[in-house]
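Here is the structure we will look at.
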Amino acid sequence: MAFRLKRFSIPTISSISRMVRSKIQTRKVENLSDPRLVSAIISSNWFSTGHRASNHSSTEQGTKVHLECAFNSRLENGVENDQQDYGRWGNGGGTFHKSAIIDPSAFVEVGAIVHSECAVGADCHIGSGAVIGPTVTIGQSTKIGYNVALANCIVGDFCAIHSGVCIGQDGFGFYVDEQGNMVKKPQTLKARIENHVEIGANTCIDRGSWRDTVVGEHTKIDNLVQIGHNVVIGRSCLICGQVGVAGSVTIGDYVTLGGRVGIRDHVNIASKVRLAANSCVTKDIILPGDYGGFPAIPIRDWRRQIAKHRQILKSTTTISVA
């Protein structure tokens, strides 16, 4: 009786060695703690698709040499030293640079990072996701919300910076050169937030170019406000949501800006001025009082304009119907 023998596929030595090498390489990549080293290895020629297709017989020794070269390049570029300069803050678990000066009572939540040469005062609270850029100073008892970005700025005592606020980024300044290209103006100065200031969520305050951007003490700013570079805001001002203040504006003390007020650049507004919602300031306001409209005028004149406009519309409608 004839028997049919089943054919069993016996793995060859070369296939087994390839499997072992792939597992070793996977473990090496998984054991690397720094994601920048992993990205450097993955983006290198050894791990590129074209190289793998043409060189399946790479040896484990070659892999070791490649990993060692990548690690040495990190040492040469100072990345390893930079990483060693950061530590975990004991009160909250956030990350801080060793050159930063942080009061022991400050609370830095997990996910927040305090960069080099920063100063954080007593009883501060820095929320998760916040980034405190180099050389930033934060006064005592100031609360920094989630995902706040601070750079090139000084924040005073007892301030409240709500989630998503950005302070100290470059202002919007450009000029056209002789070739017709838009060239960025240098933005090299700071933003200064004085004591007892509250800034609402997702508000942006640019740093200065020819003078510091300043928000006076006890000023309260609502959500979604844009304050341009070189703006100086006095003390105890009230700025409602969606206000836009263009660059180099000077605002006095005790000024109230209603919702969606717009102020053009290089305008001066006197102290104790109140602007109605949706107003637009196109020239200096030198006298205290209430203003409204586009362009902003004294509130009584604006109301007369509105009443007159309604009368004209009403009479036009009556004539057309007749």
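Letters A, B, ... mark the chains of the structure tokens in the order given; residue numbers begin at 1 per chain; ligand numbers begin at 1, in order shown.
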
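All residues in range 211-303 of chain A with a DSSP state of helix (DSSP H, G or I), computed from the backbone, read A:Ile299, A:Arg300, A:Asp301, A:Trp302, A:Arg303.
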
Expected file contents, prior selection, N, CA and C atoms, as a tab-separated table (two decimals), in the first residue's frame:
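This went into selection-v3.tsv:
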chain	number	residue	atom	x	y	z
A	299	ILE	N	-21.80	109.57	23.31
A	299	ILE	CA	-22.94	108.65	23.28
A	299	ILE	C	-24.25	109.37	22.94
A	300	ARG	N	-24.42	110.60	23.40
A	300	ARG	CA	-25.65	111.34	23.09
A	300	ARG	C	-25.75	111.65	21.60
A	301	ASP	N	-24.63	112.05	20.99
A	301	ASP	CA	-24.64	112.30	19.54
A	301	ASP	C	-24.93	111.02	18.78
A	302	TRP	N	-24.38	109.92	19.23
A	302	TRP	CA	-24.62	108.64	18.56
A	302	TRP	C	-26.09	108.26	18.64
A	303	ARG	N	-26.71	108.45	19.80
A	303	ARG	CA	-28.13	108.13	19.94
A	303	ARG	C	-28.99	109.04	19.07

Check which residues of range 95-150 of chain A sit at most 10 Å from range 192-196 of chain A using only C-alpha atoms, and return one row each with the closest pair of atoms and their distance in Å to one decimal, ordered by chain and rising number, as a Markdown table.
| residue | atom | partner | partner_atom | distance |
| --- | --- | --- | --- | --- |
| A:Thr137 | CA | A:Arg192 | CA | 9.7 |
| A:Ile138 | CA | A:Ile193 | CA | 9.4 |
| A:Gly139 | CA | A:Asn195 | CA | 8.2 |
| A:Gln140 | CA | A:Asn195 | CA | 9.6 |
| A:Ser141 | CA | A:His196 | CA | 9.8 |
| A:Thr142 | CA | A:His196 | CA | 8.6 |

#### Entry: Proximity to Lys190 in chain A - best of A:Trp210, A:Tyr254, A:Phe96, A:Phe158, only C-alpha atoms
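Closest to Lys190 in chain A of all the choices is A:Trp210.
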